[in-house]
$ cat upload-v7.cif   # mmCIF, C-alpha atoms
data_work
#
loop_
_atom_site.label_atom_id
_atom_site.label_comp_id
_atom_site.auth_asym_id
_atom_site.auth_seq_id
_atom_site.Cartn_x
_atom_site.Cartn_y
_atom_site.Cartn_z
CA MET A 29 0.00 0.00 0.00
CA ARG A 30 2.85 2.37 0.86
CA ARG A 31 4.53 1.56 -2.46
CA LEU A 32 1.29 2.37 -4.36
CA SER A 33 0.96 5.65 -2.49
CA ALA A 34 4.55 6.55 -3.32
CA VAL A 35 3.92 5.80 -7.00
CA LEU A 36 0.79 7.97 -7.00
CA VAL A 37 2.67 10.85 -5.35
CA PHE A 38 5.45 10.53 -7.94
CA VAL A 39 2.95 10.53 -10.85
CA VAL A 40 1.14 13.59 -9.48
CA ALA A 41 4.44 15.43 -8.97
CA LEU A 42 5.69 14.51 -12.45
CA THR A 43 2.40 15.68 -14.00
CA ALA A 44 2.64 19.01 -12.18
CA VAL A 45 6.25 19.53 -13.28
CA THR A 46 5.40 18.65 -16.89
CA ALA A 47 2.44 21.03 -16.89
CA GLN A 48 4.60 23.83 -15.49
CA MET A 49 7.28 23.20 -18.12
CA TYR A 50 4.65 23.26 -20.87
CA ARG A 51 3.27 26.59 -19.59
CA THR A 52 6.77 28.03 -19.40
CA TYR A 53 7.79 27.01 -22.92
CA ALA A 54 4.38 27.81 -24.37
CA LYS A 55 4.66 31.34 -22.97
CA LYS A 56 8.16 31.62 -24.42
CA PHE A 57 6.84 30.63 -27.83
CA PHE A 58 3.84 32.95 -27.41
CA ASP A 59 6.36 35.78 -27.02
CA PHE A 60 7.59 34.89 -30.54
CA THR A 61 4.27 34.54 -32.34
CA GLY A 62 1.57 35.93 -30.05
CA PRO A 63 -1.94 34.98 -31.20
CA ALA A 64 -0.75 33.71 -34.61
CA HIS A 65 -2.49 30.61 -35.98
CA TRP A 66 -1.13 28.06 -38.40
CA ILE A 67 -3.19 28.47 -41.58
CA TRP A 68 -3.56 26.59 -44.87
CA ALA A 69 -5.79 26.59 -47.93
CA SER A 70 -8.94 24.48 -47.54
CA HIS A 71 -7.90 21.09 -48.79
CA GLN A 72 -8.40 17.39 -48.14
CA ILE A 73 -4.87 16.52 -47.07
CA SER A 74 -5.35 12.77 -47.56
CA ARG A 75 -5.65 13.29 -51.34
CA ASN A 76 -1.84 13.60 -51.64
CA VAL A 77 -1.98 16.06 -54.57
CA PRO A 78 0.00 19.29 -55.13
CA VAL A 79 -1.38 22.47 -53.57
CA VAL A 80 -0.34 26.02 -54.46
CA PHE A 81 -1.98 29.10 -53.01
CA PHE A 82 -1.29 32.76 -52.32
CA ALA A 83 -2.06 34.08 -48.82
CA ALA A 84 -2.59 37.83 -48.47
CA CYS A 85 -3.10 40.30 -45.66
CA ASP A 86 -3.71 44.06 -45.93
CA PHE A 87 -3.17 46.10 -42.78
CA ASP A 88 -2.42 49.62 -41.57
CA LEU A 89 0.84 50.56 -39.86
CA PRO A 90 1.05 53.54 -37.49
CA PRO A 91 3.65 56.30 -37.88
CA HIS A 92 6.74 56.53 -35.65
CA ARG A 93 7.44 52.79 -35.75
CA VAL A 94 10.76 51.61 -34.37
CA TYR A 95 11.02 49.10 -37.24
CA THR A 96 8.89 46.75 -39.33
CA ARG A 97 9.91 43.10 -39.22
CA ILE A 98 8.25 39.96 -40.51
CA LYS A 99 8.88 36.56 -38.94
CA MET A 100 7.41 33.58 -40.72
CA ILE A 101 7.60 30.05 -42.01
CA GLY A 102 5.75 28.55 -44.98
CA ASP A 103 6.32 24.81 -44.97
CA PRO A 104 7.35 23.11 -47.28
CA GLU A 105 8.15 26.08 -49.60
CA TYR A 106 7.31 29.76 -49.68
CA THR A 107 8.12 33.09 -51.31
CA LEU A 108 7.36 36.28 -49.35
CA TYR A 109 6.31 39.58 -50.95
CA PHE A 110 5.82 42.85 -49.08
CA ASN A 111 4.24 45.87 -50.77
CA GLY A 112 4.92 44.33 -54.17
CA THR A 113 8.59 43.48 -53.59
CA GLU A 114 9.95 39.96 -53.26
CA VAL A 115 11.55 39.79 -49.81
CA GLY A 116 12.78 36.21 -49.53
CA GLY A 117 11.81 32.57 -49.41
CA ARG A 118 13.14 29.04 -49.16
CA ARG A 119 12.45 25.34 -49.13
CA ILE A 120 12.07 24.38 -45.51
CA GLY A 121 13.49 20.85 -45.42
CA ASP A 122 14.89 20.08 -41.98
CA GLY A 123 15.50 23.77 -41.21
CA ARG A 124 12.24 24.36 -39.40
CA HIS A 125 12.57 27.80 -37.85
CA LEU A 126 10.95 31.20 -38.19
CA ASP A 127 12.67 33.34 -40.81
CA HIS A 128 13.16 36.94 -39.70
CA TYR A 129 13.09 39.74 -42.32
CA ASP A 130 13.57 43.46 -41.71
CA VAL A 131 11.25 45.26 -44.15
CA SER A 132 11.47 48.70 -42.55
CA LYS A 133 12.61 50.35 -45.80
CA LEU A 134 9.65 48.88 -47.69
CA SER A 135 7.03 49.73 -45.07
CA ARG A 136 4.91 52.88 -45.06
CA ASP A 137 2.43 54.65 -42.83
CA GLY A 138 -1.09 53.46 -43.49
CA LYS A 139 -1.91 50.54 -45.80
CA ASN A 140 0.64 47.74 -46.33
CA ARG A 141 0.30 44.30 -47.91
CA ILE A 142 1.86 40.91 -47.31
CA LEU A 143 1.56 38.16 -49.90
CA VAL A 144 3.00 34.67 -49.44
CA ALA A 145 3.16 32.14 -52.26
CA VAL A 146 3.06 28.69 -50.66
CA ARG A 147 3.77 25.43 -52.53
CA SER A 148 3.43 21.81 -51.47
CA ALA A 149 4.01 18.80 -53.72
CA ASN A 150 1.73 16.57 -51.63
CA GLY A 151 -0.74 19.13 -50.27
CA VAL A 152 0.58 19.02 -46.70
CA GLY A 153 2.03 22.03 -44.90
CA GLY A 154 1.43 25.13 -42.82
CA LEU A 155 1.90 28.91 -42.84
CA LEU A 156 2.65 30.97 -39.74
CA ALA A 157 3.61 34.67 -39.68
CA GLY A 158 3.78 37.75 -37.48
CA VAL A 159 4.75 41.42 -37.87
CA ASP A 160 6.71 43.33 -35.19
CA ILE A 161 6.92 47.13 -35.15
CA ALA A 162 8.67 47.76 -31.80
CA PRO A 163 10.05 45.78 -28.85
CA GLU A 164 6.82 46.50 -26.97
CA ALA A 165 4.61 45.99 -30.06
CA GLU A 166 5.43 42.52 -31.31
CA ASN A 167 2.91 40.48 -33.28
CA PHE A 168 1.09 43.61 -34.40
CA VAL A 169 -0.23 41.48 -37.29
CA THR A 170 -0.45 37.68 -37.25
CA THR A 171 -1.79 34.90 -39.44
CA GLY A 172 -5.41 34.03 -38.72
CA GLU A 173 -8.90 33.80 -40.15
CA ASP A 174 -8.78 37.40 -41.41
CA TRP A 175 -6.14 36.48 -44.03
CA LYS A 176 -7.24 35.84 -47.62
CA ILE A 177 -6.42 32.82 -49.80
CA PHE A 178 -6.16 33.14 -53.57
CA ARG A 179 -5.81 30.13 -55.86
CA ARG A 180 -4.79 31.95 -59.06
CA TRP A 181 -1.67 34.01 -59.67
CA THR A 182 -1.70 37.36 -61.45
CA PRO A 183 1.36 39.62 -61.79
CA ASP A 184 -0.25 42.36 -59.68
CA LEU A 185 -1.41 40.07 -56.87
CA PRO A 186 1.49 41.19 -54.61
CA LEU A 187 -0.07 44.68 -54.75
CA ARG A 188 -3.84 44.14 -54.77
CA ASP A 189 -6.58 41.54 -54.62
CA ARG A 190 -7.65 39.83 -57.82
CA GLY A 191 -10.65 37.55 -57.95
CA THR A 192 -12.69 36.25 -55.05
CA PRO A 193 -10.62 35.19 -52.02
CA GLU A 194 -11.28 32.19 -49.80
CA ARG A 195 -11.03 32.04 -46.05
CA PRO A 196 -8.04 30.11 -44.72
CA MET A 197 -8.28 26.84 -42.88
CA LEU A 198 -6.99 27.12 -39.30
CA ILE A 199 -4.87 24.06 -38.55
CA GLY A 200 -3.72 24.82 -35.01
CA ASP A 201 -1.89 27.10 -32.63
CA PRO A 202 1.85 26.83 -31.98
CA PRO A 203 3.38 24.65 -30.78
CA THR A 204 1.71 21.95 -32.83
CA GLY A 205 2.45 19.00 -35.09
CA ARG A 206 5.86 18.48 -36.63
CA TRP A 207 6.77 22.16 -36.12
CA ASN A 208 6.67 22.01 -32.30
CA TYR A 209 8.64 24.97 -30.86
CA LEU A 210 10.33 27.08 -33.53
CA SER A 211 13.43 29.19 -33.00
CA LEU A 212 14.09 32.52 -34.74
CA ALA A 213 16.75 32.93 -37.45
CA ASP A 214 17.67 35.63 -39.96
CA GLY A 215 15.97 35.08 -43.31
CA ILE A 216 18.08 35.26 -46.46
CA PRO A 217 16.85 38.33 -48.36
CA ALA A 218 16.16 38.15 -52.08
CA ARG A 219 18.36 40.43 -54.17
CA PRO A 220 17.31 42.11 -57.42
CA ALA A 221 18.05 40.05 -60.51
CA GLU A 222 20.75 41.56 -62.73
CA ARG A 223 20.75 39.20 -65.70
CA VAL A 224 19.17 36.09 -67.16
CA ILE A 225 21.52 33.30 -68.24
CA PRO A 226 20.21 31.03 -71.03
CA PRO A 227 21.50 27.46 -71.32
CA ARG A 228 24.52 26.84 -73.52
CA SER A 229 22.83 23.71 -74.81
CA ALA A 230 19.94 21.37 -74.10
CA GLU A 231 20.18 17.61 -74.52
CA SER A 232 17.13 15.33 -74.43
CA PHE A 233 17.44 11.71 -73.35
CA VAL A 234 15.58 8.95 -71.53
CA ALA A 235 16.38 8.82 -67.83
CA ARG A 236 15.54 6.15 -65.29
CA VAL A 237 13.77 7.79 -62.37
CA PRO A 238 13.39 5.93 -59.05
CA THR A 239 9.68 5.51 -58.27
CA VAL A 240 7.84 3.67 -55.52
CA ARG A 241 4.95 1.49 -56.70
CA VAL A 242 2.59 -0.68 -54.69
CA VAL A 243 2.48 -4.24 -56.04
CA SER A 244 0.08 -6.66 -54.31
CA GLY A 245 0.06 -4.41 -51.28
CA VAL A 246 3.87 -4.17 -51.09
CA ALA A 247 5.81 -0.96 -51.81
CA VAL A 248 8.48 -1.67 -54.42
CA ALA A 249 11.17 0.72 -55.70
CA VAL A 250 11.52 0.64 -59.48
CA ALA A 251 13.39 2.75 -62.03
CA VAL A 252 10.89 4.13 -64.56
CA PRO A 253 12.09 5.33 -68.00
CA THR A 254 11.23 9.03 -68.25
CA ARG A 255 11.84 11.69 -70.85
CA ALA A 256 14.35 14.25 -69.57
CA THR A 257 16.19 17.34 -70.80
CA ALA A 258 19.56 18.41 -69.40
CA PHE A 259 20.04 22.18 -69.66
CA ASP A 260 23.77 22.96 -69.57
CA PHE A 261 24.66 26.41 -68.19
CA GLY A 262 28.31 25.80 -67.47
CA PRO A 263 29.28 26.45 -63.82
CA VAL A 264 26.69 28.96 -62.63
CA THR A 265 25.38 30.52 -59.42
CA GLY A 266 21.82 31.74 -59.39
CA ARG A 267 18.16 30.83 -59.18
CA MET A 268 16.72 28.46 -61.73
CA ARG A 269 13.60 29.66 -63.54
CA LEU A 270 11.18 27.24 -65.17
CA THR A 271 8.89 28.23 -68.05
CA LEU A 272 6.04 25.93 -69.03
CA SER A 273 6.08 24.40 -72.50
CA GLY A 274 2.78 24.65 -74.38
CA THR A 275 -0.68 25.08 -72.88
CA GLN A 276 -1.52 22.91 -69.90
CA ALA A 277 -5.03 22.97 -68.44
CA VAL A 278 -3.94 21.64 -65.04
CA PRO A 279 -0.96 23.32 -63.29
CA PRO A 280 1.81 20.71 -63.39
CA LEU A 281 4.33 19.40 -60.93
CA VAL A 282 7.73 19.65 -62.62
CA ARG A 283 10.60 17.56 -61.24
CA VAL A 284 14.19 18.79 -61.46
CA ARG A 285 17.60 17.44 -60.48
CA PHE A 286 20.71 19.60 -60.29
CA ALA A 287 24.10 18.22 -61.32
CA ASN A 288 27.68 19.38 -61.79
CA HIS A 289 29.31 16.64 -63.90
CA PRO A 290 28.25 14.87 -67.13
CA SER A 291 28.45 11.50 -65.39
CA GLU A 292 25.54 12.56 -63.17
CA LEU A 293 23.11 13.07 -66.04
CA THR A 294 21.98 9.46 -66.39
CA ALA A 295 22.59 8.42 -62.77
CA ILE A 296 19.54 7.26 -60.83
CA GLU A 297 20.95 8.63 -57.59
CA GLY A 298 20.55 12.23 -56.49
CA GLU A 299 17.72 14.31 -55.07
CA ILE A 300 14.90 15.14 -57.45
CA LEU A 301 13.07 18.30 -56.38
CA PRO A 302 9.40 18.95 -57.16
CA PHE A 303 8.36 22.42 -58.38
CA ALA A 304 4.60 22.98 -58.15
CA PHE A 305 2.98 25.55 -60.44
CA GLY A 306 -0.16 27.38 -59.42
CA ALA A 307 -3.11 28.34 -61.59
CA GLY A 308 -2.22 31.30 -63.82
CA GLU A 309 1.55 30.76 -63.55
CA ARG A 310 3.66 30.30 -66.68
CA THR A 311 7.02 30.78 -64.98
CA LEU A 312 8.30 29.69 -61.59
CA LEU A 313 11.46 30.96 -59.88
CA ASP A 314 13.33 28.73 -57.45
CA PRO A 315 13.37 30.56 -54.09
CA GLU A 316 16.94 29.42 -53.39
CA VAL A 317 20.28 30.39 -54.92
CA ARG A 318 22.22 27.31 -56.06
CA GLN A 319 25.59 26.46 -57.60
CA PHE A 320 25.30 23.94 -60.42
CA ARG A 321 26.03 23.24 -64.07
CA TYR A 322 23.06 21.18 -65.24
CA ALA A 323 19.35 21.47 -64.51
CA ILE A 324 17.75 18.17 -65.52
CA VAL A 325 14.03 18.66 -66.15
CA TYR A 326 11.91 15.51 -66.28
CA GLY A 327 8.74 15.02 -68.29
CA GLY A 328 9.28 17.63 -71.02
CA ARG A 329 6.86 20.07 -69.42
CA ALA A 330 9.17 23.06 -68.98
CA THR A 331 12.35 24.76 -70.12
CA ALA A 332 14.94 26.30 -67.79
CA ASP A 333 17.16 29.36 -67.54
CA VAL A 334 19.00 30.98 -64.62
CA VAL A 335 18.37 34.33 -62.96
CA SER A 336 21.64 35.71 -61.59
CA GLU A 337 21.94 38.28 -58.82
CA ASN A 338 25.53 39.28 -59.63
#
$ encode --input "upload-v7.cif" --output "structure tokens"
Amino acid sequence: MRRLSAVLVFVVALTAVTAQMYRTYAKKFFDFTGPAHWIWASHQISRNVPVVFFAACDFDLPPHRVYTRIKMIGDPEYTLYFNGTEVGGRRIGDGRHLDHYDVSKLSRDGKNRILVAVRSANGVGGLLAGVDIAPEAENFVTTGEDWKIFRRWTPDLPLRDRGTPERPMLIGDPPTGRWNYLSLADGIPARPAERVIPPRSAESFVARVPTVRVVSGVAVAVAVPTRATAFDFGPVTGRMRLTLSGTQAVPPLVRVRFANHPSELTAIEGEILPFAFGAGERTLLDPEVRQFRYAIVYGGRATADVVSEN
């Protein structure tokens, strides 16, 4: 009986300590994001299909701000625009943290606009953001049900609404899901493009792409012959830009592998990255700067060039 009582006391004490730790860390995270909610476009996640949407928020900023800073994450891939200017973006991967951007020079008294292009190859993800304007005025604006979701891209969408917006789907408050508690890190700002580099040559061939198929209820890895085009830029540093070939009724998912040596062109190893187009998009710019020689585009759905920032 004494042993049972001791166990009960231990369990109660452990529960109390755990609850206190949760409150402590939850408050610490609340200091980062305040009342921000994770949002997403309304979508049946179990369908496992690509989802691309554009989340917008218009808001007024007061004069005499100390600064204007945006902290955010759009998982698995995002591009951030503020008042019509591309600010930054990235593929999240394992680097799950809030990206911190100082947009003070782009901000203005009165009306301002945030637009985030979010892309997911399998329809799963989350968007979380907040705007700070002073040490004592953090999370002046946060993601929530007042944001607007657009499904179609237009060139002026970073500046104004086009079409009828949808309401976002609220998927939880931080910390939640795979994101848990997120730290804060400096975002890598986008720099103005200075030149476009066309490929020196383009070679089409049949590649063998690793694919997982379910055979009699068992997942089997097979190499599927697939049409591919290797765009050769020579050694280059920049952001790859895809342009769709022909007219396609349904926005495609274009798969690309980067390589640096001719021997890698027909190899079945190497990471193949999905690039999801949204409705109304003819071109898509990789949010990340890369160093490579070849961009291998599978499926014949798009051509590639490189946008250089130097």
$ residues_near_point --input "upload-v7.cif" --point "(9.3, 1.5, -64.2)" --cutoff "8 Å" --atoms "all atoms listed in the file" --output "PDB file with C-alpha atoms, in the coordinates of the input"
ATOM      1  CA  ARG A 236      15.540   6.150 -65.290  1.00  0.00           C
ATOM      2  CA  VAL A 237      13.770   7.790 -62.370  1.00  0.00           C
ATOM      3  CA  PRO A 238      13.390   5.930 -59.050  1.00  0.00           C
ATOM      4  CA  THR A 239       9.680   5.510 -58.270  1.00  0.00           C
ATOM      5  CA  VAL A 250      11.520   0.640 -59.480  1.00  0.00           C
ATOM      6  CA  ALA A 251      13.390   2.750 -62.030  1.00  0.00           C
ATOM      7  CA  VAL A 252      10.890   4.130 -64.560  1.00  0.00           C
ATOM      8  CA  PRO A 253      12.090   5.330 -68.000  1.00  0.00           C
TER       9      PRO A 253
END
$ atom_distance --input "upload-v7.cif" --atom1 "CA of Glu173 in chain A" --atom2 "CA of Gly62 in chain A"
14.7 Å
$ closest_residue --input "upload-v7.cif" --among "A:Asn76, A:Gln319, A:Ser291, A:Asn167" --to "Met268 in chain A" --atoms "only C-alpha atoms"
A:Gln319
$ resolve_selection --input "upload-v7.cif" --expression "the PyMOL selection byres ((chain A and resi 132) around 10)" --output "VMD selection string"
chain A and resid 93 to 98 129 to 131 133 to 136 161
$ residues_around --input "upload-v7.cif" --residues "Asn111 in chain A" --least-positions-apart "3" --cutoff "8 Å" --atoms "all atoms listed in the file" --output "CSV table (one decimal) with C-alpha atoms, keeping the file's coordinate frame"
chain,number,residue,atom,x,y,z
A,134,LEU,CA,9.6,48.9,-47.7
A,135,SER,CA,7.0,49.7,-45.1
A,140,ASN,CA,0.6,47.7,-46.3
A,141,ARG,CA,0.3,44.3,-47.9
A,142,ILE,CA,1.9,40.9,-47.3
A,186,PRO,CA,1.5,41.2,-54.6
A,187,LEU,CA,-0.1,44.7,-54.8
$ closest_residue --input "upload-v7.cif" --among "A:Glu114, A:Asp214, A:Glu231, A:Asp333" --to "Leu270 in chain A" --atoms "all atoms listed in the file"
A:Asp333
$ residues_around --input "upload-v7.cif" --residues "Ile120 in chain A" --least-positions-apart "6" --cutoff "9 Å" --atoms "only C-alpha atoms" --output "JSON, numbers by chain"
{"A": [101, 102, 103, 104, 105, 106]}
$ resolve_selection --input "upload-v7.cif" --expression "the PyMOL selection byres ((chain A and resi 261) around 9)" --output "ChimeraX atom specification"
/A:225-229,259-260,262-264,320-323,333-334
$ resolve_selection --input "upload-v7.cif" --expression "the PyMOL selection byres ((chain A and resi 149) around 12)" --output "ChimeraX atom specification"
/A:73,75-81,103-105,119,146-148,150-153,279-283,301-306
$ residues_around --input "upload-v7.cif" --residues "Ala277 in chain A" --least-positions-apart "5" --cutoff "12 Å" --atoms "all atoms listed in the file" --output "number ranges by chain"
A: 272, 305-310
$ atom_distance --input "upload-v7.cif" --atom1 "CA of Thr107 in chain A" --atom2 "CA of Glu164 in chain A"
27.8 Å
$ atom_distance --input "upload-v7.cif" --atom1 "CA of Trp68 in chain A" --atom2 "CA of Ile300 in chain A"
25.1 Å
$ residues_near_point --input "upload-v7.cif" --point "(5.7, 39.2, -33.5)" --cutoff "9 Å" --atoms "all atoms listed in the file" --output "JSON, numbers by chain"
{"A": [58, 59, 60, 61, 62, 64, 97, 98, 99, 157, 158, 159, 160, 161, 165, 166, 167, 168, 169, 170]}
$ closest_residue --input "upload-v7.cif" --among "A:Lys176, A:Lys139, A:Arg267, A:His128" --to "Gly191 in chain A" --atoms "all atoms listed in the file"
A:Lys176
$ closest_residue --input "upload-v7.cif" --among "A:Val317, A:Val325, A:Ala230, A:Ala83" --to "Ala256 in chain A" --atoms "all atoms listed in the file"
A:Val325
$ closest_residue --input "upload-v7.cif" --among "A:Val284, A:Gly266, A:Thr294, A:Val278" --to "Glu337 in chain A" --atoms "only C-alpha atoms"
A:Gly266
